Every structure is written in structure tokens, then in C-alpha cells.
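This report refers to the structure that appears directly beneath it.
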Amino acid sequence: MSALFVECDENMNHLPKNFAGPSAWLGKDMANNPKAWLYQLTQEDILDLESAAQHFLSLGIDVGCITKETFPLQAFTKHAKTLIHTLLSGVGVEVLRGLPIQNYTQEFTATIFCGLGAHLGSARSQNASGHILGHVRDVGADANDPNSRIYQTSQRQTFHTDSADVVGLLCMQEAKEGGRSLLVSAESIYNRMKAQRPDLLQKLFEPIATDRRGEVPEGAKPFMEIPVLSWHKGYLTVFYQRQYIDSAQRFSDVLKLTPQHIAALDLFDELANSQDLFFSMQLQPGDMQFVYNHCQLHDRTGFLDWPEPHKRRHLMRLWLSIDGDRPLPECFKQRYGTIEVGNRGGIITQHTKLHAPLN
């Protein structure tokens, strides 16, 4: 794995002038070339995934304990390895399409999703309850409540990163309208911002407080102080959730945002929402989307749901830590607990016990 860039700027701590690798893509190019990120499952792939799921379920083990050994893939192992390369060293996103979940129970679908995840990395807890299998849907949470998680509402999330190396989604049910998945490259935002306002770009490499939204590890502050952008050992890593940055300002002992910080964050948001930088997709039932969290941001448009409970928008989610991944700076310990490659990420508190709820 290598970080590709050209000619460094001596006046800005040796940061690259421009990123030029495969992860520095433009949204307009990705939209016009779905072959760069969309993989159609073959019948052989599907049969292999189904066979592995049947084997695992015959063992009577909780889905939260699934491993590569208990979910034995054959032919699809090769593509799983290719997928890891795509995430860590390629464009950083792939959608696997064609899984016939209409023929499966929810348990069988979750088994395939978690089993494939086990071949990519180790699953991480997504909340203080220790859920390694998350469920993304509108549960009526108040988006204005500083302790709410935005994904539990129907509102647009805005571009952000999650607390893991890789984020996986499996679409169970689409909304009646909206709910499109959006992606943007952090390296492309950097390139554009470096050209337009290098003075504001510098502010994003300074510590900025992000609200923990009530999920606070023992002995930690209710917020983290991690830069939006970090340059560490040849890699540009992004960490961002604007709503949580704004809500962190409610704490008395927090680093206060200066007018320059706010201007930098506003420009970052503006560029992320540039029509030529981001691209969107509508995930279909059965689609599995995997996104590399350190070099791009993801978002979801607001949506109108179905009135019938069984038809409402529902996605399963995985957070994964990947062997062979990039090193992260020390400040990420505030979020990940540890920055050990292959064993980092997730939300851990003193009461966390890992499990995989199917509902």
C-alpha cells in the first residue's frame, strides 16, 4: 500500500501540493464509470456465500462470533482479497450487487454479511451497547438532541466519517423516496482547498473538538480533540462530523472554534458538496457497500419512508478493522482506544459487551 502524491510544499510542513493516486478521484468520473466501484456477483459467488452461511448456521453459534474459519469461502476468497486491495490501495469503495436477499431470512442475510466482513477484517462495536451488527433506520430520534445519532433519523446526515477503518452497509429495504448514498474523496477536497485557500486548509490540521454524543469511555472527556485532516507517515487521514463538531462547543472546557476555523469548516463542507467532487448511488435491496473510512467521507440524503413498518428503509451496518492498513496518529486513540493495526476502532465503554442483534 502506498500514498501517491506529487511534489511537496516546503511552506506547509511538507504536505503534498496535490494528490494523484486512485483514491483522489472526482465524483463526476466515478459516476460515469460504475465499473470502478460496482461488482456484479456471479452465480458461483452467490452459491459460495450461501454454502458458507449454511455451514455457519449448522454450528449453532451467535452471529457475533463468526470468523473466517466458521464461514469457509472457496471461490469467493479471491475476490475478498481483491476487495481489501481496492479499499486500502484503490478507489476505496466497492458495491457488491446481486445477492438475492428476497429468498433469505434476516438471520441468513446477516450471516452472509458478517461472514464476508470476517474475511475482510475484525468487526468493531458501533455503540456503547456493543453491537457489531448495526441497523440503520429512522427510529424517530430527534436530530437536534446532542445525544442523538443522526443515522437514527430520516434527515440528511451531511458528509462525515465513522469510527472504523472500513464501513460496510447491506441494503435490506429502500425508502419510498430519497436516502441516496453519497461519497466524496478527502484527497480531492484537499487538492481543491490547497489551490483555493491554503491558509484555511492549515486550520484543518489543528485539533478540533468533536462531541461523543453521550457515549463516553471511562475517564475520557465527553468530546475528542482530533484534527479534521492528519498527515502521518505519508498518509492523509480524514476525521469529520460537522454536526458533532458544532455540538461539542456546548462544553465549557472545549477548544473554542475561531472565525478562521469556522471559515475552514464551511469551505470544507462547500467543497464536499461540489457537484464534480461527490457522486451518489441508490443502494438496492441486497447491495453490500464497503467504504474505506480514512480517505473519503460518506453521506445520505434525507428520505421519505413507507407508512408500513415492514417496508421501511433498513440497512445493516458493519465497522471493520483491517490487517495491513495505514498507521494512524496518536490522537486517534481518543476515538479508537488503540491505534493497533487490525485491532482498532469502534465505540467501547466500561459496559460494552460485543454481540450482533438481528433486529
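Here, A, B, ... name the chains of the C-alpha cells in the order displayed, residue numbers run from 1 inside each chain, and ligands are numbered from 1 in the same displayed order.
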
**Q.** Neighbour list for Phe205 in chain A as a PyMOL selection string, cut-off 9 Å, only C-alpha atoms, skip fewer than 2 positions in-chain
**A.** chain A and resi 201-203+207-208+226-231

Can you spit out the residues from that selection as a PDB file, in the first residue's frame, using N, CA and C atoms?
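Wrote part03.pdb, looks like this:
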```pdb
ATOM      1  N   LEU A 201      -6.905  25.763   4.785  1.00  0.00           N
ATOM      2  CA  LEU A 201      -6.573  24.342   4.840  1.00  0.00           C
ATOM      3  C   LEU A 201      -5.710  24.042   6.059  1.00  0.00           C
ATOM      4  N   GLN A 202      -4.776  24.929   6.377  1.00  0.00           N
ATOM      5  CA  GLN A 202      -3.898  24.723   7.525  1.00  0.00           C
ATOM      6  C   GLN A 202      -4.687  24.562   8.820  1.00  0.00           C
ATOM      7  N   LYS A 203      -5.809  25.271   8.941  1.00  0.00           N
ATOM      8  CA  LYS A 203      -6.600  25.220  10.181  1.00  0.00           C
ATOM      9  C   LYS A 203      -7.191  23.830  10.416  1.00  0.00           C
ATOM     10  N   PRO A 207      -5.998  20.553  16.149  1.00  0.00           N
ATOM     11  CA  PRO A 207      -7.017  19.817  16.913  1.00  0.00           C
ATOM     12  C   PRO A 207      -8.348  20.570  16.931  1.00  0.00           C
ATOM     13  N   ILE A 208      -9.433  19.843  16.674  1.00  0.00           N
ATOM     14  CA  ILE A 208     -10.791  20.395  16.681  1.00  0.00           C
ATOM     15  C   ILE A 208     -11.679  19.434  17.467  1.00  0.00           C
ATOM     16  N   ILE A 226      -9.428  15.900  17.784  1.00  0.00           N
ATOM     17  CA  ILE A 226      -8.721  15.284  16.664  1.00  0.00           C
ATOM     18  C   ILE A 226      -8.848  16.210  15.455  1.00  0.00           C
ATOM     19  N   PRO A 227      -7.768  16.475  14.740  1.00  0.00           N
ATOM     20  CA  PRO A 227      -7.875  17.323  13.544  1.00  0.00           C
ATOM     21  C   PRO A 227      -8.792  16.706  12.486  1.00  0.00           C
ATOM     22  N   VAL A 228      -9.401  17.554  11.700  1.00  0.00           N
ATOM     23  CA  VAL A 228     -10.185  17.071  10.556  1.00  0.00           C
ATOM     24  C   VAL A 228      -9.273  16.316   9.593  1.00  0.00           C
ATOM     25  N   LEU A 229      -8.062  16.837   9.372  1.00  0.00           N
ATOM     26  CA  LEU A 229      -7.084  16.205   8.498  1.00  0.00           C
ATOM     27  C   LEU A 229      -5.793  15.963   9.253  1.00  0.00           C
ATOM     28  N   SER A 230      -5.220  14.789   9.096  1.00  0.00           N
ATOM     29  CA  SER A 230      -3.936  14.447   9.703  1.00  0.00           C
ATOM     30  C   SER A 230      -2.992  13.949   8.620  1.00  0.00           C
ATOM     31  N   TRP A 231      -1.746  14.417   8.661  1.00  0.00           N
ATOM     32  CA  TRP A 231      -0.704  13.946   7.740  1.00  0.00           C
ATOM     33  C   TRP A 231       0.286  13.149   8.573  1.00  0.00           C
TER      34      TRP A 231
END
```

Q: Determine which residues of range 170-358 of chain A DSSP labels as alpha helix (DSSP H) from the backbone of this structure, then write them out as a PyMOL selection string.
A: chain A and resi 186-196+198-203+242-248+259-272+333-336

Q.
Please return, as a list in words, all residues of range 166-230 of chain A that DSSP assigns to strand (DSSP E or B) on the basis of the backbone.
A. Val166, Val167, Gly168, Leu169, Leu170, Cys171, Met172, Gln173, Glu177, Gly178, Ser181, Leu182, Leu183, Val184, Ser185, Ala209, Thr210, Asp211, Phe223, Met224, Glu225, Leu229 and Ser230 of chain A

Dump of N, CA and C atoms for the selected residues, as a short mmCIF file (atom, residue, chain, number, x, y, z; two decimals), in the first residue's frame:
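This went into out-v6.cif:
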```cif
data_model
loop_
_atom_site.label_atom_id
_atom_site.label_comp_id
_atom_site.auth_asym_id
_atom_site.auth_seq_id
_atom_site.Cartn_x
_atom_site.Cartn_y
_atom_site.Cartn_z
N VAL A 166 -13.05 0.56 7.92
CA VAL A 166 -13.97 0.31 6.81
C VAL A 166 -15.40 0.27 7.33
N VAL A 167 -16.30 0.88 6.57
CA VAL A 167 -17.73 0.86 6.89
C VAL A 167 -18.44 0.02 5.84
N GLY A 168 -19.21 -0.97 6.27
CA GLY A 168 -19.98 -1.81 5.37
C GLY A 168 -21.47 -1.60 5.57
N LEU A 169 -22.22 -1.53 4.49
CA LEU A 169 -23.68 -1.43 4.55
C LEU A 169 -24.29 -2.51 3.67
N LEU A 170 -25.36 -3.13 4.14
CA LEU A 170 -26.15 -4.04 3.32
C LEU A 170 -27.57 -3.52 3.31
N CYS A 171 -28.07 -3.22 2.11
CA CYS A 171 -29.42 -2.67 1.97
C CYS A 171 -30.46 -3.78 2.07
N MET A 172 -31.31 -3.69 3.09
CA MET A 172 -32.42 -4.62 3.25
C MET A 172 -33.69 -4.10 2.58
N GLN A 173 -33.91 -2.78 2.71
CA GLN A 173 -35.14 -2.18 2.18
C GLN A 173 -34.88 -0.71 1.86
N GLU A 177 -38.91 7.35 -0.91
CA GLU A 177 -38.22 8.36 -1.71
C GLU A 177 -36.94 8.76 -1.00
N GLY A 178 -35.87 8.99 -1.78
CA GLY A 178 -34.63 9.52 -1.22
C GLY A 178 -33.76 8.46 -0.57
N SER A 181 -27.05 7.22 -1.25
CA SER A 181 -25.72 7.18 -0.65
C SER A 181 -24.80 8.11 -1.43
N LEU A 182 -24.06 8.97 -0.70
CA LEU A 182 -23.15 9.93 -1.31
C LEU A 182 -21.73 9.67 -0.81
N LEU A 183 -20.75 9.87 -1.69
CA LEU A 183 -19.34 9.68 -1.34
C LEU A 183 -18.51 10.81 -1.94
N VAL A 184 -17.45 11.21 -1.21
CA VAL A 184 -16.53 12.22 -1.71
C VAL A 184 -15.13 11.90 -1.21
N SER A 185 -14.13 12.15 -2.04
CA SER A 185 -12.74 11.87 -1.70
C SER A 185 -12.15 13.02 -0.88
N ALA A 209 -12.47 19.95 18.36
CA ALA A 209 -13.29 19.11 19.24
C ALA A 209 -14.49 18.52 18.51
N THR A 210 -14.75 17.24 18.76
CA THR A 210 -15.91 16.53 18.23
C THR A 210 -16.67 15.88 19.37
N ASP A 211 -17.95 16.11 19.44
CA ASP A 211 -18.82 15.60 20.51
C ASP A 211 -18.90 14.07 20.47
N PHE A 223 -15.89 14.78 24.73
CA PHE A 223 -15.56 15.16 23.37
C PHE A 223 -14.13 14.71 23.07
N MET A 224 -13.80 14.66 21.78
CA MET A 224 -12.45 14.32 21.32
C MET A 224 -11.83 15.55 20.68
N GLU A 225 -10.51 15.60 20.64
CA GLU A 225 -9.81 16.71 20.02
C GLU A 225 -8.86 16.16 18.95
N LEU A 229 -8.06 16.84 9.37
CA LEU A 229 -7.08 16.21 8.50
C LEU A 229 -5.79 15.96 9.25
N SER A 230 -5.22 14.79 9.10
CA SER A 230 -3.94 14.45 9.70
C SER A 230 -2.99 13.95 8.62
#
```

**Q.** Polymer residues at most 12 Å from Thr237 in chain A, only C-alpha atoms, same-chain spacing of 2 or more positions, as a PyMOL selection string
**A.** chain A and resi 3+23+161+165+185-187+190+204-205+226-235+239-240+292-297+325-329+331-332

Only N, CA, C and O atoms, please: the residues just picked out, written as a short mmCIF file (atom, residue, chain, number, x, y, z; two decimals), in the first residue's frame.
```cif
data_model
loop_
_atom_site.label_atom_id
_atom_site.label_comp_id
_atom_site.auth_asym_id
_atom_site.auth_seq_id
_atom_site.Cartn_x
_atom_site.Cartn_y
_atom_site.Cartn_z
N ALA A 3 1.00 5.75 -0.51
CA ALA A 3 0.32 7.02 -0.66
C ALA A 3 0.92 7.74 -1.85
O ALA A 3 2.10 8.06 -1.87
N SER A 23 -7.29 7.00 -5.10
CA SER A 23 -8.29 7.45 -4.14
C SER A 23 -8.56 8.95 -4.24
O SER A 23 -9.46 9.47 -3.56
N THR A 161 -17.25 10.94 8.56
CA THR A 161 -16.57 9.65 8.67
C THR A 161 -17.12 8.91 9.89
O THR A 161 -17.70 9.51 10.79
N ASP A 165 -11.94 1.52 10.31
CA ASP A 165 -11.17 1.56 9.07
C ASP A 165 -12.09 1.48 7.85
O ASP A 165 -11.92 2.19 6.87
N SER A 185 -14.13 12.15 -2.04
CA SER A 185 -12.74 11.87 -1.70
C SER A 185 -12.15 13.02 -0.88
O SER A 185 -12.17 14.18 -1.30
N ALA A 186 -11.58 12.69 0.29
CA ALA A 186 -10.92 13.71 1.11
C ALA A 186 -9.70 14.27 0.40
O ALA A 186 -9.37 15.46 0.56
N GLU A 187 -9.01 13.44 -0.38
CA GLU A 187 -7.83 13.91 -1.09
C GLU A 187 -8.21 14.92 -2.17
O GLU A 187 -7.48 15.89 -2.42
N TYR A 190 -8.93 18.14 -0.42
CA TYR A 190 -7.63 18.73 -0.09
C TYR A 190 -7.04 19.44 -1.30
O TYR A 190 -6.58 20.59 -1.21
N LEU A 204 -7.38 23.07 9.35
CA LEU A 204 -7.97 21.73 9.49
C LEU A 204 -6.97 20.71 10.01
O LEU A 204 -7.37 19.60 10.37
N PHE A 205 -5.69 21.08 10.07
CA PHE A 205 -4.67 20.19 10.63
C PHE A 205 -4.44 20.48 12.12
O PHE A 205 -3.58 19.87 12.74
N ILE A 226 -9.43 15.90 17.78
CA ILE A 226 -8.72 15.28 16.66
C ILE A 226 -8.85 16.21 15.45
O ILE A 226 -9.95 16.70 15.16
N PRO A 227 -7.77 16.48 14.74
CA PRO A 227 -7.87 17.32 13.54
C PRO A 227 -8.79 16.71 12.49
O PRO A 227 -8.92 15.48 12.39
N VAL A 228 -9.40 17.55 11.70
CA VAL A 228 -10.19 17.07 10.56
C VAL A 228 -9.27 16.32 9.59
O VAL A 228 -9.64 15.26 9.07
N LEU A 229 -8.06 16.84 9.37
CA LEU A 229 -7.08 16.21 8.50
C LEU A 229 -5.79 15.96 9.25
O LEU A 229 -5.32 16.84 9.99
N SER A 230 -5.22 14.79 9.10
CA SER A 230 -3.94 14.45 9.70
C SER A 230 -2.99 13.95 8.62
O SER A 230 -3.39 13.15 7.76
N TRP A 231 -1.75 14.42 8.66
CA TRP A 231 -0.70 13.95 7.74
C TRP A 231 0.29 13.15 8.57
O TRP A 231 1.01 13.69 9.39
N HIS A 232 0.28 11.81 8.40
CA HIS A 232 1.06 10.94 9.28
C HIS A 232 1.69 9.82 8.47
O HIS A 232 0.99 9.02 7.83
N LYS A 233 3.02 9.78 8.46
CA LYS A 233 3.78 8.73 7.79
C LYS A 233 3.37 8.53 6.33
O LYS A 233 3.23 7.41 5.85
N GLY A 234 3.15 9.66 5.65
CA GLY A 234 2.86 9.60 4.22
C GLY A 234 1.41 9.39 3.86
O GLY A 234 1.11 9.15 2.69
N TYR A 235 0.50 9.51 4.83
CA TYR A 235 -0.92 9.31 4.55
C TYR A 235 -1.74 10.48 5.06
O TYR A 235 -1.52 10.99 6.17
N PHE A 239 -11.05 12.83 9.50
CA PHE A 239 -11.93 12.52 10.64
C PHE A 239 -12.91 13.68 10.76
O PHE A 239 -12.53 14.80 11.08
N TYR A 240 -14.21 13.42 10.50
CA TYR A 240 -15.12 14.57 10.35
C TYR A 240 -16.56 14.20 10.59
O TYR A 240 -17.06 13.19 10.10
N TYR A 292 -13.86 2.71 2.43
CA TYR A 292 -12.66 2.95 3.22
C TYR A 292 -12.78 4.31 3.90
O TYR A 292 -12.85 5.35 3.25
N ASN A 293 -12.80 4.30 5.22
CA ASN A 293 -13.19 5.45 6.01
C ASN A 293 -12.11 6.51 6.14
O ASN A 293 -12.42 7.66 6.44
N HIS A 294 -10.85 6.18 5.91
CA HIS A 294 -9.77 7.13 6.20
C HIS A 294 -9.46 8.10 5.07
O HIS A 294 -8.76 9.08 5.28
N CYS A 295 -9.93 7.80 3.85
CA CYS A 295 -9.60 8.70 2.74
C CYS A 295 -10.84 9.24 2.03
O CYS A 295 -10.70 9.93 1.01
N GLN A 296 -12.03 8.96 2.53
CA GLN A 296 -13.21 9.54 1.94
C GLN A 296 -14.30 9.71 2.99
O GLN A 296 -14.25 9.13 4.07
N LEU A 297 -15.27 10.54 2.66
CA LEU A 297 -16.40 10.81 3.54
C LEU A 297 -17.66 10.28 2.86
O LEU A 297 -17.75 10.22 1.63
N ASP A 325 -3.44 -2.23 7.23
CA ASP A 325 -3.92 -0.88 6.98
C ASP A 325 -2.85 0.16 7.33
O ASP A 325 -1.80 -0.16 7.89
N ARG A 326 -3.14 1.42 7.04
CA ARG A 326 -2.22 2.53 7.30
C ARG A 326 -2.05 2.76 8.81
O ARG A 326 -2.95 2.46 9.60
N PRO A 327 -0.91 3.33 9.23
CA PRO A 327 -0.77 3.76 10.62
C PRO A 327 -1.59 5.02 10.86
O PRO A 327 -1.81 5.83 9.95
N LEU A 328 -2.07 5.17 12.08
CA LEU A 328 -2.82 6.36 12.47
C LEU A 328 -2.06 7.12 13.55
O LEU A 328 -1.34 6.51 14.35
N PRO A 329 -2.20 8.43 13.60
CA PRO A 329 -1.50 9.22 14.63
C PRO A 329 -2.05 8.95 16.02
O PRO A 329 -3.17 8.46 16.19
N CYS A 331 -3.31 10.77 18.27
CA CYS A 331 -4.56 11.41 18.69
C CYS A 331 -5.78 10.55 18.43
O CYS A 331 -6.83 10.72 19.07
N PHE A 332 -5.69 9.58 17.52
CA PHE A 332 -6.83 8.72 17.22
C PHE A 332 -7.14 7.74 18.35
O PHE A 332 -8.20 7.11 18.35
#
```

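Taking only C-alpha atoms into account, Leu41 in chain A lies nearest to A:Pro100 out of the set A:Lys81, A:Cys65, A:Pro100, A:Ser252.
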
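Counting from CA of Thr82 in chain A, the distance to CA of Ser122 in chain A is 17.1 Å.
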
Q. Which residues, written as a list in words, have at least one atom at most 9 Å from Phe113 in chain A, with only C-alpha atoms counted and residues fewer than 2 positions away on the same chain left out?
A.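 Result of the neighbour search: Phe108, Thr109, Ala110, Thr111, Gly115, Leu116, Gly117, Ala118, Gly168, Leu169, Leu170, Met288, Met316, Arg317 and Leu318 of chain A.
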
Save the residues we just selected, C-alpha atoms, as a PDB file, in the first residue's frame?
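Now in selection.pdb:
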```
ATOM      1  CA  PHE A 108     -29.320 -15.823   6.826  1.00  0.00           C
ATOM      2  CA  THR A 109     -28.712 -12.386   5.279  1.00  0.00           C
ATOM      3  CA  ALA A 110     -26.910 -11.173   8.409  1.00  0.00           C
ATOM      4  CA  THR A 111     -24.774 -14.322   8.385  1.00  0.00           C
ATOM      5  CA  GLY A 115     -19.240 -13.698   7.308  1.00  0.00           C
ATOM      6  CA  LEU A 116     -17.912 -11.693   4.389  1.00  0.00           C
ATOM      7  CA  GLY A 117     -16.897  -8.998   6.869  1.00  0.00           C
ATOM      8  CA  ALA A 118     -14.865 -11.597   8.791  1.00  0.00           C
ATOM      9  CA  GLY A 168     -19.980  -1.805   5.366  1.00  0.00           C
ATOM     10  CA  LEU A 169     -23.680  -1.434   4.546  1.00  0.00           C
ATOM     11  CA  LEU A 170     -26.151  -4.044   3.325  1.00  0.00           C
ATOM     12  CA  MET A 288     -23.355  -4.611   0.001  1.00  0.00           C
ATOM     13  CA  MET A 316     -27.397  -3.414   8.180  1.00  0.00           C
ATOM     14  CA  ARG A 317     -24.007  -1.946   9.045  1.00  0.00           C
ATOM     15  CA  LEU A 318     -20.533  -3.259   9.881  1.00  0.00           C
TER      16      LEU A 318
END
```

Q. Which neighbours of Trp37 in chain A fall inside 12 Å, counting only C-alpha atoms, when residues of the same chain fewer than 3 positions from it are skipped, and could you give them as a PyMOL selection string?
A. chain A and resi 22-23+25+27+29-34+40+83+86-87+90-97+183+279-281+288-291

Q | Nearest to Glu218 in chain A, chosen from A:Arg300, A:Gln126, A:Gly337, A:Leu257, with only C-alpha atoms counted in the distances | A |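 Nearest candidate to Glu218 in chain A out of A:Arg300, A:Gln126, A:Gly337, A:Leu257: A:Gly337.
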
(Q) Just want the 6 Å neighbourhood of Ser125 in chain A, counted on only C-alpha atoms, with same-chain residues fewer than 6 positions away dropped. Output as a list of chain:residue names. (A)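 That gives A:His131, A:Ile132, A:Gly346, A:Ile347.
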
Selected residues written out, all heavy atoms, as a PDB file, in the first residue's frame:
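Generated file (out-v6.pdb):
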```pdb
ATOM      1  N   HIS A 131     -22.918  -3.424  19.883  1.00  0.00           N
ATOM      2  CA  HIS A 131     -23.480  -4.013  18.666  1.00  0.00           C
ATOM      3  C   HIS A 131     -22.444  -4.012  17.551  1.00  0.00           C
ATOM      4  O   HIS A 131     -22.026  -2.948  17.081  1.00  0.00           O
ATOM      5  CB  HIS A 131     -24.703  -3.225  18.206  1.00  0.00           C
ATOM      6  CG  HIS A 131     -25.852  -3.277  19.162  1.00  0.00           C
ATOM      7  ND1 HIS A 131     -27.014  -2.542  18.984  1.00  0.00           N
ATOM      8  CD2 HIS A 131     -26.029  -3.992  20.304  1.00  0.00           C
ATOM      9  CE1 HIS A 131     -27.844  -2.794  19.977  1.00  0.00           C
ATOM     10  NE2 HIS A 131     -27.270  -3.675  20.787  1.00  0.00           N
ATOM     11  N   ILE A 132     -22.019  -5.191  17.083  1.00  0.00           N
ATOM     12  CA  ILE A 132     -21.126  -5.236  15.923  1.00  0.00           C
ATOM     13  C   ILE A 132     -21.929  -5.241  14.620  1.00  0.00           C
ATOM     14  O   ILE A 132     -21.392  -4.913  13.562  1.00  0.00           O
ATOM     15  CB  ILE A 132     -20.178  -6.453  15.962  1.00  0.00           C
ATOM     16  CG1 ILE A 132     -20.951  -7.765  15.832  1.00  0.00           C
ATOM     17  CG2 ILE A 132     -19.323  -6.439  17.203  1.00  0.00           C
ATOM     18  CD1 ILE A 132     -20.084  -8.939  15.441  1.00  0.00           C
ATOM     19  N   GLY A 346     -14.267   1.468  16.631  1.00  0.00           N
ATOM     20  CA  GLY A 346     -15.450   1.124  17.392  1.00  0.00           C
ATOM     21  C   GLY A 346     -15.629   2.017  18.601  1.00  0.00           C
ATOM     22  O   GLY A 346     -14.816   2.892  18.899  1.00  0.00           O
ATOM     23  N   ILE A 347     -16.721   1.783  19.306  1.00  0.00           N
ATOM     24  CA  ILE A 347     -17.077   2.561  20.488  1.00  0.00           C
ATOM     25  C   ILE A 347     -17.103   1.623  21.680  1.00  0.00           C
ATOM     26  O   ILE A 347     -17.952   0.719  21.752  1.00  0.00           O
ATOM     27  CB  ILE A 347     -18.443   3.240  20.314  1.00  0.00           C
ATOM     28  CG1 ILE A 347     -18.373   4.239  19.142  1.00  0.00           C
ATOM     29  CG2 ILE A 347     -18.879   3.938  21.599  1.00  0.00           C
ATOM     30  CD1 ILE A 347     -19.703   4.825  18.750  1.00  0.00           C
TER      31      ILE A 347
END
```

Q: Would you mind listing what lies within 12 Å of Glu69 in chain A as a count of residues only, with only C-alpha atoms counted and same-chain residues fewer than 5 positions away left out?
A: 10

Q: Please measure the separation of CA of Phe159 in chain A and CA of Ser321 in chain A, giving the value in Å to one decimal.
A: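 That distance, rounded to one decimal, is 21.1 Å.
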
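Compared by their closest atoms to Lys68 in chain A, and using only C-alpha atoms, the residues A:Cys114, A:Leu15, A:Ala272, A:Ile189 rank with A:Cys114 nearest.
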